file query_28.txt (compact mmCIF, C-alpha atoms and all ligand atoms)
# COMPACT_ATOMS: atom_id res chain seq x y z
CA MET F 1 67.50 -24.74 -42.58
CA ALA F 2 64.99 -24.61 -45.38
CA ASN F 3 67.68 -24.16 -47.96
CA ALA F 4 68.15 -27.14 -50.19
CA LEU F 5 70.97 -29.37 -49.18
CA PHE F 6 70.02 -31.91 -51.74
CA VAL F 7 72.34 -31.29 -54.61
CA GLY F 8 73.12 -33.06 -57.81
CA SER F 9 70.89 -34.83 -60.24
CA SER F 10 69.79 -38.34 -59.76
CA PRO F 11 69.37 -41.27 -62.06
CA ILE F 12 66.68 -42.66 -59.81
CA GLU F 13 63.03 -41.69 -59.66
CA GLU F 14 62.69 -38.30 -58.08
CA SER F 15 59.62 -39.28 -56.14
CA SER F 16 61.48 -41.91 -54.25
CA ILE F 17 64.56 -39.97 -53.33
CA ILE F 18 63.63 -36.39 -52.63
CA PRO F 19 64.41 -35.86 -48.99
CA THR F 20 61.53 -34.70 -46.90
CA ARG F 21 62.04 -31.68 -44.73
CA LYS F 22 59.82 -32.95 -41.96
CA THR F 23 62.76 -34.49 -40.23
CA SER F 24 63.67 -32.40 -37.27
CA ARG F 25 67.21 -31.40 -36.63
CA ALA F 26 68.98 -34.02 -34.64
CA ASN F 27 71.78 -33.39 -32.27
CA SER F 28 74.66 -35.53 -33.39
CA ASN F 29 76.33 -35.17 -30.03
CA VAL F 30 74.81 -38.05 -28.20
CA ALA F 31 74.90 -37.15 -24.57
CA GLN F 32 75.02 -40.56 -23.03
CA ARG F 33 77.12 -43.07 -24.83
CA SER F 34 78.57 -46.30 -23.69
CA ALA F 35 80.86 -48.51 -25.65
CA ASP F 36 81.09 -52.24 -25.17
CA ALA F 37 84.28 -54.26 -25.31
CA THR F 38 84.21 -54.38 -29.09
CA GLY F 39 83.98 -50.65 -29.37
CA MET F 40 80.41 -50.69 -30.57
CA VAL F 41 78.55 -47.75 -29.14
CA SER F 42 75.31 -48.81 -27.59
CA LEU F 43 72.44 -46.38 -27.78
CA SER F 44 70.46 -48.05 -25.08
CA HIS F 45 70.78 -45.00 -22.87
CA THR F 46 70.58 -42.43 -25.60
CA PRO F 47 67.53 -40.23 -25.65
CA SER F 48 65.37 -41.78 -28.33
CA ALA F 49 64.45 -38.36 -29.67
CA VAL F 50 67.95 -38.01 -31.11
CA HIS F 51 67.65 -40.85 -33.58
CA ALA F 52 63.92 -41.53 -33.68
CA PRO F 53 63.11 -39.32 -36.69
CA PHE F 54 65.98 -40.78 -38.70
CA LEU F 55 65.11 -44.32 -37.67
CA ALA F 56 61.60 -43.68 -38.95
CA GLU F 57 62.98 -42.30 -42.20
CA MET F 58 65.16 -45.31 -42.94
CA ILE F 59 62.41 -47.74 -41.99
CA ALA F 60 60.12 -45.90 -44.40
CA GLU F 61 62.74 -46.53 -47.08
CA ALA F 62 62.89 -50.22 -46.16
CA ARG F 63 59.12 -50.46 -46.40
CA ALA F 64 59.14 -48.68 -49.75
CA GLY F 65 61.54 -51.33 -51.00
CA LEU F 66 59.30 -54.08 -49.70
CA ALA F 67 56.30 -52.52 -51.46
CA GLU F 68 58.27 -52.68 -54.70
CA GLY F 69 58.96 -56.37 -54.20
CA GLY F 70 62.47 -55.80 -52.94
CA ILE F 71 64.44 -56.59 -49.83
CA PRO F 72 63.35 -54.31 -46.99
CA ILE F 73 66.58 -52.53 -46.12
CA GLY F 74 66.68 -48.73 -46.08
CA SER F 75 69.32 -46.07 -45.72
CA ILE F 76 69.52 -42.31 -45.40
CA LEU F 77 72.38 -39.84 -45.43
CA VAL F 78 72.22 -37.04 -42.86
CA ARG F 79 74.24 -33.84 -42.97
CA ASN F 80 73.85 -30.96 -40.52
CA GLY F 81 70.81 -32.64 -39.07
CA GLN F 82 69.04 -32.87 -42.41
CA VAL F 83 68.30 -35.85 -44.59
CA VAL F 84 70.21 -35.18 -47.80
CA ALA F 85 69.83 -38.54 -49.53
CA ARG F 86 67.81 -41.69 -49.20
CA GLY F 87 67.65 -45.11 -50.74
CA HIS F 88 66.72 -48.72 -50.30
CA ASN F 89 67.89 -52.07 -51.52
CA ARG F 90 66.97 -52.35 -55.21
CA ARG F 91 68.84 -55.45 -56.33
CA VAL F 92 65.61 -57.22 -57.20
CA GLN F 93 63.82 -54.22 -58.68
CA ARG F 94 66.75 -53.15 -60.87
CA LYS F 95 68.31 -56.54 -61.39
CA SER F 96 71.32 -54.76 -59.94
CA ALA F 97 74.52 -56.28 -58.64
CA ILE F 98 75.35 -53.38 -56.36
CA LEU F 99 72.24 -51.52 -55.24
CA HIS F 100 72.23 -52.35 -51.58
CA ALA F 101 70.41 -49.71 -49.55
CA GLU F 102 73.55 -47.76 -48.67
CA MET F 103 74.79 -47.82 -52.26
CA ASP F 104 71.38 -46.72 -53.54
CA CYS F 105 71.37 -43.92 -50.97
CA LEU F 106 74.82 -42.69 -51.96
CA GLU F 107 74.03 -43.02 -55.65
CA SER F 108 70.80 -41.06 -55.25
CA ILE F 109 72.68 -37.90 -54.38
CA GLY F 110 75.33 -38.44 -57.01
CA ARG F 111 78.89 -37.25 -57.08
CA GLN F 112 80.01 -35.33 -53.99
CA THR F 113 83.27 -33.98 -52.61
CA ALA F 114 85.26 -35.65 -49.87
CA ALA F 115 84.55 -32.61 -47.69
CA PHE F 116 80.83 -33.19 -48.11
CA TYR F 117 81.01 -36.82 -47.02
CA LYS F 118 83.14 -35.87 -44.03
CA GLU F 119 80.15 -33.99 -42.64
CA CYS F 120 77.71 -36.86 -43.09
CA THR F 121 76.28 -39.68 -41.04
CA ILE F 122 74.87 -42.65 -42.90
CA TYR F 123 71.96 -44.48 -41.33
CA THR F 124 71.16 -48.01 -42.42
CA THR F 125 68.54 -50.43 -41.14
CA LEU F 126 71.04 -53.30 -41.38
CA SER F 127 74.72 -53.63 -40.52
CA PRO F 128 76.67 -52.63 -43.66
CA CYS F 129 78.16 -55.46 -45.72
CA SER F 130 81.73 -55.36 -47.00
CA MET F 131 80.71 -53.61 -50.23
CA CYS F 132 78.81 -50.84 -48.47
CA SER F 133 81.42 -50.57 -45.73
CA GLY F 134 83.99 -50.16 -48.49
CA ALA F 135 82.08 -47.24 -49.97
CA ILE F 136 81.72 -45.68 -46.53
CA ARG F 137 85.46 -46.01 -45.92
CA LEU F 138 86.42 -44.88 -49.41
CA TYR F 139 84.48 -41.65 -49.12
CA GLY F 140 85.40 -41.05 -45.50
CA ILE F 141 81.94 -41.00 -44.00
CA PRO F 142 82.85 -40.76 -40.32
CA ARG F 143 79.76 -42.15 -38.66
CA VAL F 144 77.32 -45.02 -39.25
CA VAL F 145 74.09 -45.53 -37.32
CA ILE F 146 72.92 -49.13 -37.65
CA GLY F 147 69.32 -50.20 -37.18
CA GLU F 148 70.20 -53.76 -36.30
CA ASN F 149 72.97 -56.32 -36.71
CA ARG F 150 71.33 -59.50 -35.42
CA THR F 151 70.01 -60.65 -38.80
CA PHE F 152 73.32 -60.00 -40.47
CA CYS F 153 76.50 -58.48 -39.11
CA GLY F 154 78.52 -56.87 -41.85
CA ASP F 155 82.02 -55.49 -41.92
CA GLU F 156 81.83 -53.62 -38.64
CA ALA F 157 85.30 -54.69 -37.55
CA THR F 158 86.91 -53.11 -40.58
CA LEU F 159 84.88 -49.94 -40.16
CA ARG F 160 85.95 -49.69 -36.54
CA ALA F 161 89.56 -50.34 -37.47
CA ASP F 162 89.27 -47.45 -39.90
CA HIS F 163 88.03 -45.21 -37.08
CA VAL F 164 84.48 -45.02 -38.34
CA GLN F 165 82.15 -44.38 -35.44
CA LEU F 166 79.42 -47.04 -35.23
CA GLU F 167 76.23 -46.67 -33.27
CA LEU F 168 73.73 -49.48 -32.89
CA LEU F 169 70.03 -48.82 -32.40
CA ASP F 170 69.12 -52.53 -32.07
CA SER F 171 65.70 -51.84 -33.56
CA ASN F 172 63.18 -54.67 -33.38
CA GLU F 173 61.23 -53.10 -36.21
CA CYS F 174 64.23 -53.16 -38.55
CA ARG F 175 64.99 -56.75 -37.60
CA GLU F 176 61.44 -58.10 -37.83
CA LEU F 177 60.87 -56.44 -41.19
CA LEU F 178 63.90 -58.15 -42.70
CA GLU F 179 63.52 -61.47 -40.90
CA ASP F 180 59.96 -61.80 -42.16
CA PHE F 181 61.17 -61.19 -45.71
CA ILE F 182 63.98 -63.74 -45.35
CA ARG F 183 61.56 -66.39 -44.08
CA LYS F 184 59.48 -65.91 -47.20
CA ASN F 185 62.33 -65.34 -49.67
CA PRO F 186 65.44 -67.17 -48.48
CA SER F 187 66.94 -67.47 -51.97
CA ILE F 188 66.73 -63.74 -52.66
CA TRP F 189 68.38 -63.03 -49.34
CA ASN F 190 71.21 -65.51 -49.87
CA GLU F 191 71.86 -64.00 -53.26
CA ASP F 192 71.99 -60.53 -51.72
CA ILE F 193 74.83 -61.47 -49.41
CA GLY F 194 76.65 -63.78 -51.81
CA ILE F 195 75.84 -67.13 -50.27
CA ILE F 196 75.73 -70.26 -52.44
CA GLU F 197 72.67 -72.35 -51.71
CA ASN F 198 72.90 -76.10 -51.32
ZN ZN M 1 75.74 -53.71 -48.57
call {"tool": "encode", "arguments": {"input": "query_28.txt", "output": "structure tokens", "more": "lines below"}}
Ligand SMILES: [Zn+2]
result
Amino acid sequence: MANALFVGSSPIEESSIIPTRKTSRANSNVAQRSADATGMVSLSHTPSAVHAPFLAEMIAEARAGLAEGGIPIGSILVRNGQVVARGHNRRVQRKSAILHAEMDCLESIGRQTAAFYKECTIYTTLSPCSMCSGAIRLYGIPRVVIGENRTFCGDEATLRADHVQLELLDSNECRELLEDFIRKNPSIWNEDIGIIEN
């Protein structure tokens, strides 16, 4: 699988978006799943080896964002067990209205066909907001792996209603990274999710 799956040019710095090939192939068929009453698939019994390399990849993206002075939320796109795109929240860095981590990730790989997206899983350290969920639904990405949804729970209900498969890792590292940022930068966080401050 050494052939390049990363296609398209990118408007974003190459150094920050070129997928590494160190990520091992991951079996997308999780052997032991259990869904709770809301339909959320819990990964508590899933062999950690399945998602661990991808969890590490998206956390690395979140940390890269933090190092740039941004909000530590990361995202990667995985296709055929390979990371094909990566991104992190860049609203602060780019003074952007739309560059949440998932949007930055999708934008980093540029224009793709619907057939391409159909074969992808998007990983995100934080539950996708309505904007990012909209992009996921628009392009028909069938599966979302969520680092955590305790800090913020996005538009999971709509994703589920649209038959998008959601899997929750409930990662303490994802949560603590973001919660620490929010404690120090509450205004930036509120702005990111469209909340008017008193
Ligand atoms: Zn978002």
call {"tool": "residues_near_point", "arguments": {"input": "query_28.txt", "point": "(74.8, -43.8, -55.7)", "cutoff": "12 Å", "atoms": "only C-alpha atoms", "output": "ChimeraX atom specification"}}
result
/F:8-12,17,75-77,85-90,98-112,132,135-136,139
call {"tool": "atom_distance", "arguments": {"input": "query_28.txt", "atom1": "CA of Glu173 in chain F", "atom2": "CA of Ala97 in chain F"}}
result
26.3 Å
call {"tool": "closest_residue", "arguments": {"input": "query_28.txt", "among": "F:Leu126, F:Leu166, F:Leu138, F:Ala161", "to": "ligand ZN 1 (chain M)", "atoms": "all atoms listed in the file"}}
result
F:Leu126
call {"tool": "atom_distance", "arguments": {"input": "query_28.txt", "atom1": "CA of Pro72 in chain F", "atom2": "CA of Arg94 in chain F"}}
result
14.3 Å
call {"tool": "atom_distance", "arguments": {"input": "query_28.txt", "atom1": "CA of Ser130 in chain F", "atom2": "CA of Gly194 in chain F"}}
result
10.9 Å
call {"tool": "residues_around", "arguments": {"input": "query_28.txt", "residues": "Thr124 in chain F", "least_positions_apart": "6", "cutoff": "6 Å", "atoms": "all atoms listed in the file", "output": "PyMOL selection string"}}
result
chain F and resi 74-75+146-147
call {"tool": "closest_residue", "arguments": {"input": "query_28.txt", "among": "F:Arg79, F:Lys95, F:His51, F:Arg175", "to": "Cys153 in chain F", "atoms": "all atoms listed in the file"}}
result
F:Arg175
call {"tool": "closest_residue", "arguments": {"input": "query_28.txt", "among": "F:Lys184, F:Arg91, F:Lys118, F:Arg150", "to": "ligand ZN 1 (chain M)", "atoms": "all atoms listed in the file"}}
result
F:Arg91
call {"tool": "closest_residue", "arguments": {"input": "query_28.txt", "among": "F:Cys129, F:Val83, F:Ile182, F:Leu66", "to": "ligand ZN 1 (chain M)", "atoms": "all atoms listed in the file"}}
result
F:Cys129
call {"tool": "closest_residue", "arguments": {"input": "query_28.txt", "among": "F:Pro142, F:Met131, F:Asn80, F:Tyr117", "to": "ligand ZN 1 (chain M)", "atoms": "only C-alpha atoms and all ligand atoms"}}
result
F:Met131
call {"tool": "closest_residue", "arguments": {"input": "query_28.txt", "among": "F:Ile59, F:Ala67, F:Cys120, F:Ala52", "to": "Gly81 in chain F", "atoms": "all atoms listed in the file"}}
result
F:Cys120
call {"tool": "residues_around", "arguments": {"input": "query_28.txt", "residues": "Ser133 in chain F", "least_positions_apart": "4", "cutoff": "10 Å", "atoms": "only C-alpha atoms", "output": "ChimeraX atom specification"}}
result
/F:102-103,127-129,137-138,141,144,154-159,164
call {"tool": "build_atoms", "arguments": {"input": "query_28.txt", "residues": "range 146-159 of chain F", "atoms": "N, CA and C atoms", "output": "mmCIF file, keeping the file's coordinate frame"}}
result
data_model
loop_
_atom_site.group_PDB
_atom_site.id
_atom_site.type_symbol
_atom_site.label_atom_id
_atom_site.label_comp_id
_atom_site.auth_asym_id
_atom_site.auth_seq_id
_atom_site.Cartn_x
_atom_site.Cartn_y
_atom_site.Cartn_z
ATOM 1 N N ILE F 146 73.402 -47.831 -37.161
ATOM 2 C CA ILE F 146 72.920 -49.130 -37.650
ATOM 3 C C ILE F 146 71.615 -49.493 -36.957
ATOM 4 N N GLY F 147 70.608 -49.810 -37.749
ATOM 5 C CA GLY F 147 69.320 -50.200 -37.180
ATOM 6 C C GLY F 147 69.414 -51.481 -36.390
ATOM 7 N N GLU F 148 70.014 -52.492 -37.001
ATOM 8 C CA GLU F 148 70.200 -53.760 -36.300
ATOM 9 C C GLU F 148 71.314 -54.564 -36.955
ATOM 10 N N ASN F 149 71.916 -55.453 -36.157
ATOM 11 C CA ASN F 149 72.970 -56.320 -36.710
ATOM 12 C C ASN F 149 72.795 -57.766 -36.262
ATOM 13 N N ARG F 150 71.584 -58.111 -35.846
ATOM 14 C CA ARG F 150 71.330 -59.500 -35.420
ATOM 15 C C ARG F 150 71.052 -60.391 -36.627
ATOM 16 N N THR F 151 70.324 -59.864 -37.605
ATOM 17 C CA THR F 151 70.010 -60.650 -38.800
ATOM 18 C C THR F 151 71.266 -60.925 -39.601
ATOM 19 N N PHE F 152 72.090 -59.914 -39.706
ATOM 20 C CA PHE F 152 73.320 -60.000 -40.470
ATOM 21 C C PHE F 152 74.293 -58.971 -39.901
ATOM 22 N N CYS F 153 75.485 -59.421 -39.585
ATOM 23 C CA CYS F 153 76.500 -58.480 -39.110
ATOM 24 C C CYS F 153 77.542 -58.327 -40.198
ATOM 25 N N GLY F 154 77.646 -57.136 -40.713
ATOM 26 C CA GLY F 154 78.520 -56.870 -41.850
ATOM 27 C C GLY F 154 79.966 -56.659 -41.443
ATOM 28 N N ASP F 155 80.580 -55.693 -42.075
ATOM 29 C CA ASP F 155 82.020 -55.490 -41.920
ATOM 30 C C ASP F 155 82.310 -54.438 -40.845
ATOM 31 N N GLU F 156 81.691 -54.614 -39.706
ATOM 32 C CA GLU F 156 81.830 -53.620 -38.640
ATOM 33 C C GLU F 156 83.263 -53.544 -38.115
ATOM 34 N N ALA F 157 83.932 -54.677 -38.081
ATOM 35 C CA ALA F 157 85.300 -54.690 -37.550
ATOM 36 C C ALA F 157 86.223 -53.810 -38.393
ATOM 37 N N THR F 158 86.065 -53.912 -39.701
ATOM 38 C CA THR F 158 86.910 -53.110 -40.580
ATOM 39 C C THR F 158 86.562 -51.622 -40.465
ATOM 40 N N LEU F 159 85.288 -51.340 -40.341
ATOM 41 C CA LEU F 159 84.880 -49.940 -40.160
ATOM 42 C C LEU F 159 85.490 -49.368 -38.882
#
